[in-house]
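Structure below is entry33.txt: compact mmCIF, C-alpha atoms.
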```
# COMPACT_ATOMS: atom_id res chain seq x y z
CA MET A 21 -41.69 4.84 28.48
CA HIS A 22 -39.41 2.95 30.84
CA GLY A 23 -38.17 -0.58 31.30
CA ILE A 24 -37.75 -1.07 27.54
CA ARG A 25 -35.72 -3.98 26.28
CA TRP A 26 -34.80 -2.64 22.89
CA ASP A 27 -34.77 -6.05 21.25
CA ASP A 28 -38.52 -6.25 22.05
CA LEU A 29 -39.09 -3.49 19.50
CA GLN A 30 -38.40 -5.88 16.64
CA TYR A 31 -41.52 -7.80 17.66
CA VAL A 32 -43.62 -4.64 17.66
CA HIS A 33 -42.26 -3.68 14.27
CA ALA A 34 -42.88 -7.15 12.80
CA VAL A 35 -46.51 -7.28 13.96
CA ALA A 36 -47.12 -3.73 12.72
CA GLU A 37 -45.62 -4.57 9.34
CA HIS A 38 -47.27 -7.96 8.82
CA GLY A 39 -50.58 -7.36 10.60
CA SER A 40 -50.79 -10.59 12.60
CA LEU A 41 -48.88 -12.61 15.19
CA SER A 42 -48.56 -15.63 12.92
CA ALA A 43 -47.14 -13.63 10.01
CA ALA A 44 -44.76 -11.78 12.34
CA SER A 45 -43.58 -15.04 13.91
CA ARG A 46 -42.80 -16.48 10.47
CA ALA A 47 -40.87 -13.36 9.48
CA LEU A 48 -38.83 -13.43 12.69
CA GLY A 49 -38.29 -17.20 12.73
CA VAL A 50 -39.83 -17.65 16.18
CA ASN A 51 -43.08 -19.19 17.39
CA HIS A 52 -46.40 -17.41 17.78
CA ALA A 53 -46.26 -17.53 21.58
CA THR A 54 -42.89 -15.77 21.71
CA VAL A 55 -44.19 -12.78 19.75
CA LEU A 56 -47.30 -12.54 21.92
CA ARG A 57 -45.30 -12.82 25.14
CA ARG A 58 -42.67 -10.22 24.21
CA ILE A 59 -45.27 -7.65 23.20
CA ALA A 60 -47.34 -8.32 26.33
CA LEU A 61 -44.28 -7.87 28.54
CA LEU A 62 -43.43 -4.59 26.83
CA GLU A 63 -46.99 -3.31 27.23
CA ASP A 64 -47.24 -4.39 30.88
CA ALA A 65 -43.85 -2.92 31.78
CA ASN A 66 -44.87 0.46 30.41
CA ASP A 67 -48.60 0.39 31.21
CA VAL A 68 -49.54 0.99 27.60
CA ARG A 69 -51.49 -0.78 24.87
CA LEU A 70 -49.71 -0.70 21.52
CA PHE A 71 -52.21 -2.55 19.32
CA ASP A 72 -55.93 -2.81 18.77
CA ARG A 73 -56.74 -6.50 18.32
CA SER A 74 -59.58 -7.61 16.07
CA LYS A 75 -60.55 -10.56 13.90
CA ASP A 76 -58.90 -8.74 10.99
CA GLY A 77 -55.52 -8.59 12.72
CA TYR A 78 -53.43 -6.18 14.75
CA ARG A 79 -53.60 -2.42 14.15
CA LEU A 80 -51.16 0.02 15.75
CA ARG A 81 -52.60 2.47 18.24
CA PRO A 82 -51.16 6.03 18.40
CA GLU A 83 -48.86 4.93 21.22
CA GLY A 84 -47.43 2.21 19.00
CA ARG A 85 -46.94 4.56 16.06
CA ALA A 86 -45.07 6.97 18.31
CA LEU A 87 -42.84 4.16 19.53
CA LEU A 88 -41.96 3.05 16.00
CA ALA A 89 -41.30 6.65 14.95
CA SER A 90 -38.77 6.90 17.79
CA LEU A 91 -37.22 3.62 16.68
CA LYS A 92 -36.75 4.99 13.16
CA LEU A 93 -34.97 8.04 14.60
CA MET A 94 -32.64 5.67 16.45
CA ASP A 95 -31.95 3.68 13.27
CA ASP A 96 -31.19 6.89 11.37
CA ALA A 97 -28.82 8.07 14.11
CA SER A 98 -27.09 4.69 14.14
CA ALA A 99 -26.56 4.86 10.38
CA ARG A 100 -25.10 8.38 10.66
CA ILE A 101 -22.73 7.30 13.44
CA ARG A 102 -21.59 4.31 11.39
CA ARG A 103 -20.89 6.50 8.38
CA SER A 104 -19.06 9.08 10.51
CA LEU A 105 -16.81 6.39 11.94
CA ALA A 106 -16.09 5.11 8.45
CA LEU A 107 -14.91 8.58 7.45
CA THR A 108 -12.01 8.27 9.91
CA SER A 109 -10.81 4.89 8.65
CA LYS A 110 -7.27 4.61 7.31
CA GLY A 111 -6.59 2.82 4.06
CA ILE A 112 -8.55 0.17 2.20
CA GLU A 113 -8.91 -2.30 5.03
CA GLY A 114 -11.47 -3.18 7.65
CA THR A 115 -15.19 -3.89 7.29
CA PHE A 116 -17.47 -2.21 4.77
CA ARG A 117 -21.19 -2.68 4.24
CA LEU A 118 -22.63 -3.20 0.77
CA ALA A 119 -26.40 -2.93 0.23
CA THR A 120 -28.10 -4.52 -2.77
CA THR A 121 -31.07 -6.62 -3.85
CA ASP A 122 -31.36 -10.35 -3.30
CA ALA A 123 -31.07 -11.12 -7.03
CA ILE A 124 -27.87 -9.10 -7.42
CA ALA A 125 -26.45 -10.48 -4.16
CA CYS A 126 -27.11 -14.09 -5.17
CA LEU A 127 -26.47 -14.07 -8.91
CA LEU A 128 -24.03 -11.26 -9.78
CA LEU A 129 -22.06 -10.29 -6.70
CA PRO A 130 -20.39 -13.61 -5.78
CA GLY A 131 -18.38 -13.69 -9.01
CA LEU A 132 -16.83 -10.31 -8.17
CA LEU A 133 -15.82 -10.79 -4.55
CA GLY A 134 -12.93 -13.13 -5.26
CA ALA A 135 -11.29 -10.45 -7.40
CA LEU A 136 -11.94 -7.86 -4.70
CA ARG A 137 -10.23 -10.03 -2.10
CA LYS A 138 -7.19 -10.47 -4.35
CA GLU A 139 -6.84 -6.71 -4.74
CA HIS A 140 -7.59 -5.91 -1.10
CA PRO A 141 -6.81 -8.92 1.12
CA SER A 142 -7.48 -7.03 4.37
CA ILE A 143 -11.02 -6.04 3.51
CA ASN A 144 -14.25 -7.55 4.84
CA ILE A 145 -17.62 -7.01 3.16
CA GLU A 146 -20.98 -7.23 4.95
CA ILE A 147 -23.80 -7.72 2.44
CA ALA A 148 -27.12 -6.12 3.40
CA VAL A 149 -29.99 -7.44 1.27
CA SER A 150 -33.20 -5.51 0.68
CA ASN A 151 -35.57 -5.16 -2.24
CA ASP A 152 -36.99 -1.92 -0.85
CA PRO A 153 -35.08 1.11 -2.21
CA VAL A 154 -35.84 3.13 0.93
CA ASP A 155 -34.58 0.41 3.28
CA MET A 156 -31.48 0.02 1.12
CA SER A 157 -30.68 3.73 1.29
CA MET A 158 -31.17 3.79 5.06
CA SER A 159 -29.04 0.70 5.67
CA GLY A 160 -25.93 2.63 6.70
CA ALA A 161 -24.01 0.92 3.87
CA GLU A 162 -20.91 2.53 2.41
CA ILE A 163 -21.55 1.03 -1.04
CA LEU A 164 -24.93 0.52 -2.72
CA VAL A 165 -25.54 -1.49 -5.89
CA ARG A 166 -29.12 -0.81 -6.85
CA PRO A 167 -31.40 -0.74 -9.88
CA GLY A 168 -33.44 2.32 -10.69
CA ALA A 169 -34.05 5.10 -13.17
CA ASP A 170 -31.98 7.51 -11.07
CA LEU A 171 -30.53 8.04 -7.60
CA PRO A 172 -32.15 9.84 -4.67
CA PRO A 173 -30.51 13.15 -3.77
CA ASP A 174 -28.62 11.81 -0.74
CA LEU A 175 -26.68 9.32 -2.90
CA SER A 176 -23.88 9.89 -5.40
CA GLY A 177 -22.70 7.37 -7.95
CA VAL A 178 -22.57 6.20 -11.53
CA GLN A 179 -24.87 4.15 -13.74
CA VAL A 180 -22.79 1.16 -14.78
CA ALA A 181 -25.25 -0.80 -16.92
CA SER A 182 -28.85 -1.20 -18.01
CA VAL A 183 -31.06 -4.01 -16.78
CA ARG A 184 -33.52 -5.29 -19.38
CA PHE A 185 -36.71 -7.10 -18.37
CA ARG A 186 -38.48 -9.80 -20.32
CA VAL A 187 -41.41 -12.13 -19.73
CA PHE A 188 -40.37 -15.66 -18.73
CA GLY A 189 -42.34 -18.85 -18.30
CA ALA A 190 -41.73 -22.54 -17.63
CA CYS A 191 -41.47 -24.86 -20.63
CA ASP A 192 -44.53 -26.91 -19.58
CA TYR A 193 -46.63 -23.81 -18.98
CA LEU A 194 -45.71 -22.34 -22.36
CA ALA A 195 -46.54 -25.58 -24.14
CA LYS A 196 -50.02 -25.62 -22.60
CA THR A 197 -50.81 -21.96 -23.24
CA ALA A 198 -49.50 -21.36 -26.76
CA GLY A 199 -51.52 -18.67 -28.52
CA LEU A 200 -53.00 -17.02 -25.44
CA SER A 201 -53.15 -13.24 -25.36
CA LEU A 202 -51.44 -11.05 -22.80
CA GLN A 203 -54.58 -10.85 -20.67
CA GLU A 204 -55.42 -14.54 -20.93
CA HIS A 205 -52.21 -15.75 -19.30
CA LYS A 206 -51.77 -16.36 -15.61
CA TRP A 207 -49.40 -13.74 -14.24
CA LEU A 208 -47.12 -13.67 -11.25
CA GLY A 209 -47.15 -10.12 -9.98
CA VAL A 210 -44.88 -7.89 -7.99
CA ALA A 211 -46.24 -7.21 -4.51
CA PRO A 212 -48.00 -3.88 -3.84
CA GLY A 213 -44.85 -2.48 -2.23
CA PHE A 214 -43.20 -2.75 -5.64
CA ALA A 215 -45.91 -0.68 -7.34
CA GLN A 216 -43.51 2.22 -7.97
CA SER A 217 -40.77 0.01 -9.39
CA THR A 218 -40.04 -0.35 -13.10
CA VAL A 219 -41.81 -3.69 -13.30
CA GLY A 220 -44.59 -2.54 -10.98
CA GLU A 221 -45.41 0.38 -13.25
CA TRP A 222 -45.39 -1.92 -16.31
CA GLN A 223 -47.58 -4.58 -14.73
CA PHE A 224 -50.11 -2.32 -13.09
CA GLY A 225 -50.34 -0.34 -16.34
CA SER A 226 -50.49 -3.28 -18.77
CA LEU A 227 -52.39 -6.04 -16.98
CA GLN A 228 -55.99 -5.68 -15.94
CA SER A 229 -56.31 -8.90 -13.96
CA GLY A 230 -55.27 -9.54 -10.38
CA PHE A 231 -52.40 -11.78 -9.43
CA GLU A 232 -53.00 -15.16 -7.84
CA PHE A 233 -49.41 -15.11 -6.56
CA SER A 234 -47.13 -12.12 -6.03
CA ALA A 235 -43.80 -11.38 -4.35
CA ASP A 236 -41.41 -8.53 -3.61
CA SER A 237 -38.46 -10.57 -4.90
CA PHE A 238 -37.52 -11.45 -8.47
CA LEU A 239 -35.82 -14.59 -7.19
CA ALA A 240 -39.11 -15.64 -5.60
CA LEU A 241 -41.05 -14.83 -8.78
CA ALA A 242 -38.58 -16.87 -10.84
CA GLY A 243 -39.07 -19.80 -8.48
CA LEU A 244 -42.84 -19.58 -8.80
CA ALA A 245 -42.65 -19.29 -12.59
CA SER A 246 -40.31 -22.29 -12.80
CA LYS A 247 -43.08 -24.43 -11.26
CA GLY A 248 -45.51 -23.48 -14.03
CA LEU A 249 -47.66 -21.16 -11.91
CA GLY A 250 -47.69 -18.39 -14.51
CA LEU A 251 -45.62 -15.83 -16.38
CA ALA A 252 -43.30 -13.35 -14.68
CA MET A 253 -41.60 -10.19 -15.87
CA LEU A 254 -38.00 -10.66 -14.72
CA PRO A 255 -34.59 -9.09 -15.19
CA ASP A 256 -32.88 -10.96 -18.00
CA PHE A 257 -30.09 -12.19 -15.73
CA VAL A 258 -32.61 -13.72 -13.30
CA GLY A 259 -34.69 -15.45 -15.98
CA GLU A 260 -31.66 -16.77 -17.83
CA TYR A 261 -30.13 -18.08 -14.60
CA THR A 262 -33.22 -20.23 -13.92
CA PRO A 263 -32.88 -23.37 -16.10
CA GLN A 264 -36.59 -24.17 -16.23
CA LEU A 265 -37.52 -20.77 -17.68
CA LEU A 266 -37.64 -19.51 -21.25
CA PRO A 267 -38.26 -15.98 -22.54
CA VAL A 268 -41.73 -15.68 -24.05
CA ALA A 269 -41.90 -14.61 -27.67
CA GLY A 270 -44.76 -12.58 -29.11
CA LEU A 271 -45.44 -10.42 -26.04
CA PRO A 272 -44.62 -6.71 -25.70
CA GLU A 273 -41.04 -5.90 -24.78
CA GLY A 274 -40.42 -5.27 -21.13
CA PRO A 275 -39.01 -2.11 -19.57
CA GLN A 276 -35.40 -1.27 -18.85
CA THR A 277 -33.83 0.43 -15.87
CA GLY A 278 -30.37 1.48 -14.77
CA LEU A 279 -27.93 -0.29 -12.50
CA TRP A 280 -26.08 2.08 -10.17
CA VAL A 281 -23.01 1.83 -7.98
CA ALA A 282 -23.32 4.57 -5.38
CA THR A 283 -22.49 5.82 -1.91
CA HIS A 284 -23.81 8.48 0.43
CA ARG A 285 -22.69 11.95 -0.59
CA GLU A 286 -20.82 12.50 2.68
CA PHE A 287 -18.51 9.59 1.77
CA ARG A 288 -17.30 11.08 -1.50
CA ASN A 289 -13.61 11.99 -1.75
CA GLN A 290 -12.70 9.42 0.92
CA ALA A 291 -9.89 7.33 -0.53
CA ASP A 292 -11.20 3.94 0.62
CA ILE A 293 -14.76 4.59 -0.50
CA GLU A 294 -13.65 5.96 -3.86
CA THR A 295 -11.49 2.87 -4.36
CA LEU A 296 -14.43 0.57 -3.65
CA LEU A 297 -16.73 2.60 -5.90
CA ALA A 298 -14.23 2.35 -8.74
CA PHE A 299 -13.78 -1.39 -8.26
CA PHE A 300 -17.48 -2.22 -8.27
CA ALA A 301 -18.26 0.22 -11.07
CA ASP A 302 -15.63 -1.43 -13.29
CA ALA A 303 -16.64 -4.94 -12.23
CA PHE A 304 -20.36 -4.52 -12.86
CA ALA A 305 -19.73 -2.70 -16.13
CA GLY A 306 -17.93 -5.84 -17.32
CA ILE A 307 -20.98 -8.05 -16.72
CA THR A 308 -23.48 -8.39 -19.54
CA ILE A 309 -26.89 -7.95 -17.94
CA ASP A 310 -28.92 -6.30 -20.66
```

Once you've parsed the file, please lay out its structure as structure tokens.
Amino acid sequence: MHGIRWDDLQYVHAVAEHGSLSAASRALGVNHATVLRRIALLEDANDVRLFDRSKDGYRLRPEGRALLASLKLMDDASARIRRSLALTSKGIEGTFRLATTDAIACLLLPGLLGALRKEHPSINIEIAVSNDPVDMSMSGAEILVRPGADLPPDLSGVQVASVRFRVFGACDYLAKTAGLSLQEHKWLGVAPGFAQSTVGEWQFGSLQSGFEFSADSFLALAGLASKGLGLAMLPDFVGEYTPQLLPVAGLPEGPQTGLWVATHREFRNQADIETLLAFFADAFAGITID
């Protein structure tokens, strides 16, 4: 293919991921016409059709899948280059990337960064937020703070705490539904992409009904639950942070998972990375989250 403007690829990726122009435009923060125009220009410039259009949405053709596969190779190479450059850095200064979930980034991390700045005044931290473990691992971050039962083989780190989950609901909702069984309640579910997560396994194994509302973010689920739309299985620290929510008594205990501070294996034994790992491991170990 020729004449590619690489920023056009984000539009292809968004439509492929979300299945429609309108959903892609919302995800990218642009209007519907912009997405349509940028994809059309890319197709015309390269004399190729990337999508099959139907009333059910947009489906990638083989040409589009090949294009996105090449884009992933570029992202992987970019992450490797970033990590290689970090290996040559001198001292605990400069910019480092930390990948974590939105709940940890919003509720736990801010209280630690002031102490980090006091210890290392020349450091800058970029926070990369993702609730997808695969995206988080591929983010090119030097430090990862992530929940999970264990770490994938390309990461090395330490489990610093356990995260306990409980069922939470809004006060008004609980008052109206006292005495209902597990199955009789309205539930706010994790999105299908979370099916392999700790909560996903619990919900899809314990609840037989579908979910009227679902999300791939515990912060989003907490917001929905706070409006009385149903019960949500949440990390304790998320449920307790949300004033309108209360833990629900009389239901089965929720699962637990680990909280890890990690880095890519190729970063180990680098003085700056080891210093950051030690700082965040100590800091998160001092937070009560289970």

(Q) One number please: atom CA of Gly49 of chain A to atom CA of Tyr31 of chain A, in Å, one decimal. (A) 11.1 Å

(Q) I need the residue nearest Ala252 of chain A from this list: A:His205, A:Lys75, A:Arg57, A:Lys196. Use all atoms listed in the file for the distance. (A)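 Ranked by minimum distance to Ala252 of chain A, first place goes to A:His205.
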
**Q.** Shortest interatomic distance to Arg285 of chain A - which of A:Gly84, A:Pro173, A:Gly189, A:Gly134, counting all atoms listed in the file
**A.**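 Distance minimum relative to Arg285 of chain A lands on A:Pro173.
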
Q. What does the distance from atom CA of Asp122 of chain A to atom CA of Ala240 of chain A come to in Å, to one decimal?
A.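 Distance between the two atoms: 9.7 Å.
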
Residues near Gln264 of chain A, cut-off 9 Å, all atoms listed in the file, skip fewer than 4 positions along chain, as a short mmCIF file (atom, residue, chain, number, x, y, z; two decimals) with C-alpha atoms, keeping the file's coordinate frame:
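result09.cif, written as the output of this step:
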```
data_model
loop_
_atom_site.label_atom_id
_atom_site.label_comp_id
_atom_site.auth_asym_id
_atom_site.auth_seq_id
_atom_site.Cartn_x
_atom_site.Cartn_y
_atom_site.Cartn_z
CA GLY A 189 -42.34 -18.85 -18.30
CA ALA A 190 -41.73 -22.54 -17.63
CA CYS A 191 -41.47 -24.86 -20.63
CA ALA A 245 -42.65 -19.29 -12.59
CA SER A 246 -40.31 -22.29 -12.80
CA LYS A 247 -43.08 -24.43 -11.26
CA GLY A 259 -34.69 -15.45 -15.98
#
```

Need the shell around Ser217 of chain A: protein/DNA/RNA residues with any atom at most 10 Å away, counting all atoms listed in the file. Skip same-chain ones fewer than 5 positions apart. Format as a PDB file with C-alpha atoms, keeping the file's coordinate frame?
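part.pdb was written with the following content:
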```
ATOM      1  CA  ASP A 152     -36.990  -1.920  -0.850  1.00  0.00           C
ATOM      2  CA  PRO A 153     -35.080   1.110  -2.210  1.00  0.00           C
ATOM      3  CA  PRO A 167     -31.400  -0.740  -9.880  1.00  0.00           C
ATOM      4  CA  GLY A 168     -33.440   2.320 -10.690  1.00  0.00           C
ATOM      5  CA  ALA A 169     -34.050   5.100 -13.170  1.00  0.00           C
ATOM      6  CA  VAL A 210     -44.880  -7.890  -7.990  1.00  0.00           C
ATOM      7  CA  PRO A 212     -48.000  -3.880  -3.840  1.00  0.00           C
ATOM      8  CA  TRP A 222     -45.390  -1.920 -16.310  1.00  0.00           C
ATOM      9  CA  GLN A 223     -47.580  -4.580 -14.730  1.00  0.00           C
ATOM     10  CA  THR A 277     -33.830   0.430 -15.870  1.00  0.00           C
TER      11      THR A 277
END
```

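Using all atoms listed in the file, the nearest neighbour of Leu29 of chain A within the list A:Ala43, A:Ala181, A:Ala53, A:Ala89 is A:Ala89.
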
**Q.** Residue among A:Ala291, A:Leu239, A:Leu48, A:Ala303 lying closest to Glu113 of chain A, counting only C-alpha atoms
**A.**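 The closest residue to Glu113 of chain A is A:Ala291.
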
**Q.** For atom CA of Tyr78 of chain A and atom CA of Leu61 of chain A, the interatomic separation in Å (one decimal)
**A.**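 These atoms are spaced 16.6 Å apart.
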